[in-house]
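Peer 1: Below you'll find my_file-v9.txt; it's compact mmCIF, C-alpha atoms.
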# COMPACT_ATOMS: atom_id res chain seq x y z
CA MET A 1 238.29 89.60 32.95
CA LYS A 2 239.46 92.02 35.64
CA GLU A 3 242.40 89.73 36.41
CA MET A 4 243.45 89.72 32.74
CA ALA A 5 243.29 93.53 32.63
CA VAL A 6 245.48 93.77 35.74
CA ILE A 7 248.02 91.37 34.21
CA LEU A 8 248.03 93.31 30.92
CA PHE A 9 248.40 96.80 32.38
CA SER A 10 250.85 95.64 35.04
CA ALA A 11 253.10 94.19 32.33
CA ILE A 12 252.88 97.40 30.30
CA LEU A 13 253.35 99.97 33.07
CA VAL A 14 254.30 98.63 36.49
CA ASN A 15 256.35 95.54 35.67
CA ASN A 16 257.72 96.86 32.39
CA PHE A 17 260.42 94.40 31.33
CA VAL A 18 262.77 97.11 30.11
CA LEU A 19 262.23 99.92 32.61
CA SER A 20 261.59 98.04 35.84
CA LYS A 21 263.13 94.59 35.31
CA PHE A 22 265.96 95.87 33.06
CA LEU A 23 265.56 93.07 30.52
CA GLY A 24 266.11 93.77 26.83
CA ILE A 25 268.47 96.69 27.40
CA CYS A 26 270.63 95.91 24.33
CA PRO A 27 267.95 96.65 21.71
CA PHE A 28 266.51 99.38 23.97
CA LEU A 29 269.76 101.33 23.77
CA GLY A 30 270.77 100.23 20.28
CA VAL A 31 267.59 100.63 18.22
CA SER A 32 265.94 103.55 20.00
CA LYS A 33 267.69 106.27 17.99
CA ARG A 34 264.78 106.59 15.54
CA VAL A 35 261.06 106.13 16.21
CA ASP A 36 260.41 104.07 13.06
CA SER A 37 263.20 101.60 13.91
CA ALA A 38 261.95 101.42 17.50
CA VAL A 39 258.42 100.63 16.35
CA GLY A 40 259.65 98.03 13.85
CA MET A 41 261.80 96.29 16.46
CA SER A 42 258.94 96.41 18.94
CA VAL A 43 256.47 94.80 16.54
CA ALA A 44 258.99 92.02 15.90
CA VAL A 45 259.49 91.56 19.66
CA ILE A 46 255.72 91.47 20.31
CA PHE A 47 255.29 88.80 17.64
CA VAL A 48 258.16 86.69 18.99
CA MET A 49 256.99 87.13 22.61
CA LEU A 50 253.46 85.97 21.79
CA THR A 51 254.45 83.06 19.57
CA ALA A 52 257.25 81.94 21.90
CA THR A 53 254.86 82.00 24.85
CA ALA A 54 252.23 80.09 22.87
CA ALA A 55 254.84 77.43 22.04
CA THR A 56 256.87 77.24 25.27
CA TYR A 57 253.96 77.05 27.72
CA PRO A 58 252.56 73.76 26.35
CA ILE A 59 256.07 72.35 25.85
CA TYR A 60 256.90 72.99 29.49
CA THR A 61 253.49 72.02 30.90
CA TYR A 62 252.87 68.87 28.88
CA ILE A 63 256.36 67.59 28.02
CA LEU A 64 259.17 68.91 30.22
CA GLU A 65 257.48 69.08 33.63
CA PRO A 66 255.66 65.72 33.53
CA LYS A 67 258.86 63.94 32.47
CA GLY A 68 260.96 65.64 35.16
CA LEU A 69 262.90 67.69 32.59
CA GLY A 70 261.95 71.13 33.90
CA TYR A 71 265.64 71.97 34.30
CA LEU A 72 265.91 72.07 30.48
CA GLN A 73 263.41 74.92 30.16
CA THR A 74 265.97 77.65 29.45
CA LEU A 75 267.67 75.66 26.70
CA VAL A 76 264.39 74.60 25.09
CA PHE A 77 262.91 78.10 25.35
CA ILE A 78 265.96 79.66 23.67
CA LEU A 79 265.70 77.17 20.81
CA VAL A 80 262.00 77.95 20.32
CA ILE A 81 262.67 81.71 20.45
CA ALA A 82 265.52 81.32 17.92
CA ALA A 83 263.18 79.52 15.52
CA PHE A 84 260.62 82.33 15.67
CA VAL A 85 263.31 84.99 15.27
CA GLN A 86 264.53 83.24 12.12
CA LEU A 87 260.96 83.37 10.81
CA VAL A 88 260.71 87.11 11.56
CA GLU A 89 264.11 87.75 9.98
CA PHE A 90 263.11 85.86 6.83
CA VAL A 91 259.81 87.76 6.50
CA LEU A 92 261.44 91.17 7.05
CA ARG A 93 264.29 90.44 4.64
CA LYS A 94 261.83 89.31 1.96
CA TYR A 95 258.97 91.82 2.41
CA VAL A 96 260.20 94.80 4.49
CA LYS A 97 263.78 95.31 3.33
CA PRO A 98 264.20 98.91 4.68
CA LEU A 99 263.21 97.82 8.20
CA TYR A 100 265.43 94.76 7.92
CA ASN A 101 268.38 97.02 7.02
CA ALA A 102 267.53 99.55 9.74
CA LEU A 103 267.44 96.90 12.47
CA GLY A 104 270.74 95.43 11.31
CA VAL A 105 272.54 93.31 13.88
CA TYR A 106 269.83 93.89 16.49
CA LEU A 107 267.32 91.67 14.67
CA PRO A 108 269.24 88.41 15.26
CA LEU A 109 269.86 89.62 18.81
CA ILE A 110 266.13 89.17 19.50
CA THR A 111 267.07 85.51 19.95
CA THR A 112 269.07 86.38 23.04
CA ASN A 113 266.84 89.26 24.11
CA CYS A 114 266.42 88.44 27.76
CA ALA A 115 263.02 90.20 27.81
CA ILE A 116 261.58 87.46 25.60
CA LEU A 117 263.24 84.67 27.55
CA GLY A 118 262.24 86.45 30.75
CA VAL A 119 258.54 86.59 29.86
CA THR A 120 258.44 82.89 28.96
CA ILE A 121 260.13 81.87 32.21
CA LEU A 122 258.18 84.34 34.39
CA ASN A 123 254.90 83.00 32.99
CA ILE A 124 255.83 79.54 34.27
CA ASP A 125 257.23 80.81 37.58
CA SER A 126 254.17 82.99 38.22
CA GLY A 127 251.84 80.03 37.75
CA TYR A 128 249.87 81.71 35.00
CA THR A 129 247.40 79.74 32.91
CA PHE A 130 247.90 79.60 29.14
CA ALA A 131 245.54 82.55 28.56
CA GLN A 132 247.15 84.59 31.35
CA SER A 133 250.58 83.82 29.88
CA LEU A 134 249.52 85.14 26.49
CA VAL A 135 248.08 88.30 28.06
CA ASN A 136 251.30 88.81 30.05
CA ALA A 137 253.37 88.29 26.88
CA LEU A 138 251.22 90.81 24.99
CA GLY A 139 251.54 93.29 27.86
CA GLY A 140 255.29 92.69 28.01
CA GLY A 141 255.58 93.33 24.28
CA LEU A 142 253.43 96.46 24.43
CA GLY A 143 255.46 97.66 27.41
CA PHE A 144 258.63 97.06 25.40
CA MET A 145 257.14 99.12 22.55
CA LEU A 146 256.10 101.91 24.91
CA ALA A 147 259.59 102.07 26.41
CA MET A 148 261.26 102.01 22.98
CA VAL A 149 259.04 104.71 21.47
CA LEU A 150 259.26 106.97 24.53
CA PHE A 151 263.01 106.63 24.67
CA ALA A 152 263.33 107.23 20.92
CA GLY A 153 261.50 110.52 21.48
CA VAL A 154 263.78 111.40 24.39
CA ARG A 155 266.88 110.60 22.33
CA ARG A 156 265.61 112.67 19.43
CA ARG A 157 265.10 115.59 21.79
CA MET A 158 268.59 115.09 23.25
CA GLU A 159 270.13 115.49 19.80
CA SER A 160 269.09 119.15 19.75
CA CYS A 161 270.38 119.80 23.27
CA GLU A 162 273.81 120.93 24.27
CA VAL A 163 275.46 118.39 26.59
CA PHE A 164 278.61 118.83 28.66
CA LYS A 165 281.55 117.20 26.90
CA PRO A 166 282.11 114.40 29.49
CA PHE A 167 278.44 113.37 29.21
CA GLU A 168 278.24 113.14 25.41
CA GLY A 169 277.27 109.80 23.88
CA LEU A 170 276.62 106.81 26.10
CA PRO A 171 276.74 108.61 29.50
CA ILE A 172 273.87 110.99 28.68
CA THR A 173 271.95 108.12 27.05
CA LEU A 174 272.19 106.07 30.26
CA ILE A 175 271.21 109.06 32.39
CA ALA A 176 268.17 109.67 30.17
CA ALA A 177 267.25 105.97 30.31
CA SER A 178 267.39 106.03 34.11
CA MET A 179 265.12 109.10 34.20
CA VAL A 180 262.57 107.38 31.93
CA SER A 181 262.79 104.30 34.16
CA ILE A 182 262.24 106.36 37.32
CA SER A 183 259.16 107.95 35.74
CA PHE A 184 257.59 104.47 35.42
CA MET A 185 257.94 103.88 39.17
CA GLY A 186 255.01 106.25 39.58
CA PHE A 187 252.67 103.62 38.13
CA GLY A 188 253.27 101.27 41.08
CA GLY A 189 249.96 100.62 42.84
CA VAL A 190 247.97 102.62 40.28
CA VAL A 191 247.04 99.64 38.09
CA GLU A 192 245.73 97.56 40.98
CA GLY A 193 243.73 100.55 42.21
CA LEU A 194 242.06 101.02 38.83
CA PHE A 195 240.51 97.56 38.79
CA LYS A 196 239.24 97.25 42.38
Let's see the structure in the file written out as structure tokens.
Peer 2:
Amino acid sequence: MKEMAVILFSAILVNNFVLSKFLGICPFLGVSKRVDSAVGMSVAVIFVMLTATAATYPIYTYILEPKGLGYLQTLVFILVIAAFVQLVEFVLRKYVKPLYNALGVYLPLITTNCAILGVTILNIDSGYTFAQSLVNALGGGLGFMLAMVLFAGVRRRMESCEVFKPFEGLPITLIAASMVSISFMGFGGVVEGLFK
């Protein structure tokens, strides 16, 4: 149980896919202007991360690897992720139309969100069991949500600040993102120390 807790909290804080591995930057910068959009995108990403991990782990372990087709993992994983994204897009379009409209072009981009592909591949490369992979995927998704919501708050605060003309727009957004990322470096070593 301690090992699962370390995997979960490491994925959320220390090995945050957005802030320490720099995966999933496109939706991080594009959808983090409003907290409600950030939360909606994050819930969709958590769902896709968990379901994609639950599907890709057995496919790799029981089909690709035994048949010597491990080199196809990226292609197969992207296809599985795309199928789950289509499911999420259908559900949001049918039942949560305002969120579907708010996410716009970023919803289909979940298919190519490298954070989701990254978690599925890192689970295999790290030698995690199926349960550990699911915990890592959940932690990765929660870490994505934490980064999105924090950065949405930072961006909201930046709207009321006066910024030098050359830094307006994307430059100040990237500077703020780097400061949020640096703040997460402080969690290094803390998670392992908590569960000794």
Peer 1: I'd like the contact shell of Ile63 in chain A - 12 Å cut-off, all atoms listed in the file, skipping same-chain residues fewer than 6 positions apart - returned as number ranges by chain.
Peer 2: A: 55-57, 69-70, 72-73, 76
Peer 1: Which centre and which edge lengths, in Å to one decimal, describe the axis-aligned box that holds all listed atoms of range 23-34 of chain A after 3 Å is added on each side, as AutoDock Vina command-line options?
Peer 2:
--center_x 267.8 --center_y 99.8 --center_z 23.0 --size_x 12.0 --size_y 19.5 --size_z 21.0
Peer 1: Please determine, counting all atoms listed in the file, which residue among A:Asn113, A:Val80, A:Lys165, A:Gly186 has the shortest atom-to-atom distance to Phe144 in chain A.
Peer 2: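 Among A:Asn113, A:Val80, A:Lys165, A:Gly186, it is A:Asn113 that comes nearest to Phe144 in chain A.
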Peer 1: Under the rule that only C-alpha atoms are counted, which of A:Ile59, A:Leu107, A:Ser20, A:Val43 is the nearest residue to Val180 in chain A?
Peer 2: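 Closest to Val180 in chain A, using only C-alpha atoms: A:Ser20.
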Peer 1: Can you work out the spacing between CA of Leu122 in chain A and CA of Leu174 in chain A in Å, to one decimal?
Peer 2: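 Atom-to-atom, CA of Leu122 in chain A and CA of Leu174 in chain A are spaced 26.2 Å apart.
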Peer 1: May I ask which of the residues A:Val163, A:Ala52, A:Leu92, A:Leu8 is the closest one to Gly40 in chain A, counting all atoms listed in the file?
Peer 2: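 The closest residue to Gly40 in chain A is A:Leu92.
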Peer 1: To one decimal in Å, tell me the separation between CA of Val35 in chain A and CA of Glu159 in chain A.
Peer 2: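 Here the two named atoms are 13.5 Å from each other.
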Peer 1: Take CA of Leu50 in chain A and CA of Met185 in chain A and report the distance between them in Å, one decimal.
Peer 2: 25.4 Å
Peer 1: Just the residues within 10 Å of Pro108 in chain A, please, counting all atoms listed in the file, with nothing from its chain fewer than 4 positions along; format it as a list in words.
Peer 2: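 Neighbouring residues, sequence-local ones excluded: Ala82, Val85, Gln86, Val88, Glu89, Leu103, Gly104, Thr112 and Asn113 of chain A.
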Peer 1: Take the selection from the previous step and output its residues with C-alpha atoms, as a PDB file, in the frame of the given file.
Peer 2:
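Writing done, so here's again_36.pdb:
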ATOM      1  CA  ALA A  82     265.520  81.320  17.920  1.00  0.00           C
ATOM      2  CA  VAL A  85     263.310  84.990  15.270  1.00  0.00           C
ATOM      3  CA  GLN A  86     264.530  83.240  12.120  1.00  0.00           C
ATOM      4  CA  VAL A  88     260.710  87.110  11.560  1.00  0.00           C
ATOM      5  CA  GLU A  89     264.110  87.750   9.980  1.00  0.00           C
ATOM      6  CA  LEU A 103     267.440  96.900  12.470  1.00  0.00           C
ATOM      7  CA  GLY A 104     270.740  95.430  11.310  1.00  0.00           C
ATOM      8  CA  THR A 112     269.070  86.380  23.040  1.00  0.00           C
ATOM      9  CA  ASN A 113     266.840  89.260  24.110  1.00  0.00           C
TER      10      ASN A 113
END
Peer 1: Give the answer as one residue: which of A:Ala176, A:Leu170, A:Met145, A:Leu19 has the shortest atom-to-atom distance to Ser42 in chain A, using only C-alpha atoms?
Peer 2: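 Closest candidate: A:Met145.
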Peer 1: Taking only C-alpha atoms into account, which of A:Ala102, A:Ala137, A:Leu117, A:Ile110 comes nearest Arg34 in chain A?
Peer 2: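 Of A:Ala102, A:Ala137, A:Leu117, A:Ile110, the one nearest Arg34 in chain A is A:Ala102, counting only C-alpha atoms.
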Peer 1: Compile the contact shell of Thr173 in chain A as a PDB file with C-alpha atoms, keeping the file's coordinate frame: residues with an atom at most 10 Å away, counting only C-alpha atoms, same-chain residues fewer than 3 positions apart removed.
Peer 2:
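Final file, result_22.pdb:
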ATOM      1  CA  LEU A  29     269.760 101.330  23.770  1.00  0.00           C
ATOM      2  CA  PHE A 151     263.010 106.630  24.670  1.00  0.00           C
ATOM      3  CA  VAL A 154     263.780 111.400  24.390  1.00  0.00           C
ATOM      4  CA  ARG A 155     266.880 110.600  22.330  1.00  0.00           C
ATOM      5  CA  MET A 158     268.590 115.090  23.250  1.00  0.00           C
ATOM      6  CA  PHE A 167     278.440 113.370  29.210  1.00  0.00           C
ATOM      7  CA  GLU A 168     278.240 113.140  25.410  1.00  0.00           C
ATOM      8  CA  GLY A 169     277.270 109.800  23.880  1.00  0.00           C
ATOM      9  CA  LEU A 170     276.620 106.810  26.100  1.00  0.00           C
ATOM     10  CA  ALA A 176     268.170 109.670  30.170  1.00  0.00           C
ATOM     11  CA  ALA A 177     267.250 105.970  30.310  1.00  0.00           C
ATOM     12  CA  SER A 178     267.390 106.030  34.110  1.00  0.00           C
ATOM     13  CA  MET A 179     265.120 109.100  34.200  1.00  0.00           C
TER      14      MET A 179
END
Peer 1: Take range 68-104 of chain A, bring it up to N, CA and C atoms, and give me the output as a CSV table (one decimal), in the coordinates of the input.
Peer 2:
chain,number,residue,atom,x,y,z
A,68,GLY,N,259.9,65.3,34.2
A,68,GLY,CA,261.0,65.6,35.2
A,68,GLY,C,262.1,66.3,34.5
A,69,LEU,N,261.8,67.0,33.4
A,69,LEU,CA,262.9,67.7,32.6
A,69,LEU,C,262.8,69.2,32.7
A,70,GLY,N,262.2,69.7,33.7
A,70,GLY,CA,262.0,71.1,33.9
A,70,GLY,C,263.2,71.9,33.9
A,71,TYR,N,264.3,71.3,34.3
A,71,TYR,CA,265.6,72.0,34.3
A,71,TYR,C,266.1,72.3,32.9
A,72,LEU,N,265.5,71.8,31.9
A,72,LEU,CA,265.9,72.1,30.5
A,72,LEU,C,265.1,73.3,29.9
A,73,GLN,N,264.3,73.9,30.7
A,73,GLN,CA,263.4,74.9,30.2
A,73,GLN,C,264.2,76.0,29.5
A,74,THR,N,265.2,76.5,30.1
A,74,THR,CA,266.0,77.6,29.4
A,74,THR,C,266.5,77.3,28.1
A,75,LEU,N,267.1,76.1,28.0
A,75,LEU,CA,267.7,75.7,26.7
A,75,LEU,C,266.6,75.5,25.6
A,76,VAL,N,265.5,74.8,26.0
A,76,VAL,CA,264.4,74.6,25.1
A,76,VAL,C,263.7,75.9,24.7
A,77,PHE,N,263.5,76.8,25.7
A,77,PHE,CA,262.9,78.1,25.4
A,77,PHE,C,263.8,78.9,24.4
A,78,ILE,N,265.1,78.9,24.6
A,78,ILE,CA,266.0,79.7,23.7
A,78,ILE,C,265.9,79.1,22.3
A,79,LEU,N,265.8,77.8,22.1
A,79,LEU,CA,265.7,77.2,20.8
A,79,LEU,C,264.4,77.6,20.1
A,80,VAL,N,263.3,77.6,20.9
A,80,VAL,CA,262.0,78.0,20.3
A,80,VAL,C,262.0,79.4,19.9
A,81,ILE,N,262.6,80.3,20.8
A,81,ILE,CA,262.7,81.7,20.4
A,81,ILE,C,263.5,81.9,19.2
A,82,ALA,N,264.6,81.2,19.1
A,82,ALA,CA,265.5,81.3,17.9
A,82,ALA,C,264.8,80.9,16.6
A,83,ALA,N,264.0,79.9,16.7
A,83,ALA,CA,263.2,79.5,15.5
A,83,ALA,C,262.2,80.6,15.1
A,84,PHE,N,261.5,81.3,16.0
A,84,PHE,CA,260.6,82.3,15.7
A,84,PHE,C,261.4,83.6,15.2
A,85,VAL,N,262.5,83.8,15.7
A,85,VAL,CA,263.3,85.0,15.3
A,85,VAL,C,263.8,84.8,13.8
A,86,GLN,N,264.1,83.5,13.5
A,86,GLN,CA,264.5,83.2,12.1
A,86,GLN,C,263.4,83.5,11.2
A,87,LEU,N,262.2,83.1,11.6
A,87,LEU,CA,261.0,83.4,10.8
A,87,LEU,C,260.8,84.9,10.6
A,88,VAL,N,260.9,85.7,11.7
A,88,VAL,CA,260.7,87.1,11.6
A,88,VAL,C,261.8,87.7,10.6
A,89,GLU,N,263.0,87.2,10.8
A,89,GLU,CA,264.1,87.8,10.0
A,89,GLU,C,263.9,87.4,8.5
A,90,PHE,N,263.4,86.2,8.2
A,90,PHE,CA,263.1,85.9,6.8
A,90,PHE,C,262.0,86.8,6.2
A,91,VAL,N,260.9,87.0,7.0
A,91,VAL,CA,259.8,87.8,6.5
A,91,VAL,C,260.2,89.2,6.3
A,92,LEU,N,261.0,89.8,7.2
A,92,LEU,CA,261.4,91.2,7.0
A,92,LEU,C,262.4,91.3,5.9
A,93,ARG,N,263.3,90.4,5.7
A,93,ARG,CA,264.3,90.4,4.6
A,93,ARG,C,263.6,90.3,3.3
A,94,LYS,N,262.5,89.5,3.2
A,94,LYS,CA,261.8,89.3,2.0
A,94,LYS,C,260.8,90.4,1.6
A,95,TYR,N,260.1,90.9,2.7
A,95,TYR,CA,259.0,91.8,2.4
A,95,TYR,C,259.2,93.2,2.9
A,96,VAL,N,260.0,93.5,3.9
A,96,VAL,CA,260.2,94.8,4.5
A,96,VAL,C,261.7,95.1,4.6
A,97,LYS,N,262.3,95.2,3.4
A,97,LYS,CA,263.8,95.3,3.3
A,97,LYS,C,264.3,96.6,4.1
A,98,PRO,N,263.7,97.7,4.0
A,98,PRO,CA,264.2,98.9,4.7
A,98,PRO,C,264.2,98.7,6.2
A,99,LEU,N,263.2,98.1,6.8
A,99,LEU,CA,263.2,97.8,8.2
A,99,LEU,C,264.3,96.8,8.5
A,100,TYR,N,264.4,95.8,7.7
A,100,TYR,CA,265.4,94.8,7.9
A,100,TYR,C,266.8,95.4,8.0
A,101,ASN,N,267.1,96.3,7.0
A,101,ASN,CA,268.4,97.0,7.0
A,101,ASN,C,268.5,98.0,8.2
A,102,ALA,N,267.5,98.6,8.6
A,102,ALA,CA,267.5,99.6,9.7
A,102,ALA,C,267.8,98.8,11.1
A,103,LEU,N,267.2,97.6,11.2
A,103,LEU,CA,267.4,96.9,12.5
A,103,LEU,C,268.8,96.3,12.5
A,104,GLY,N,269.4,95.9,11.4
A,104,GLY,CA,270.7,95.4,11.3
A,104,GLY,C,271.0,94.3,12.2
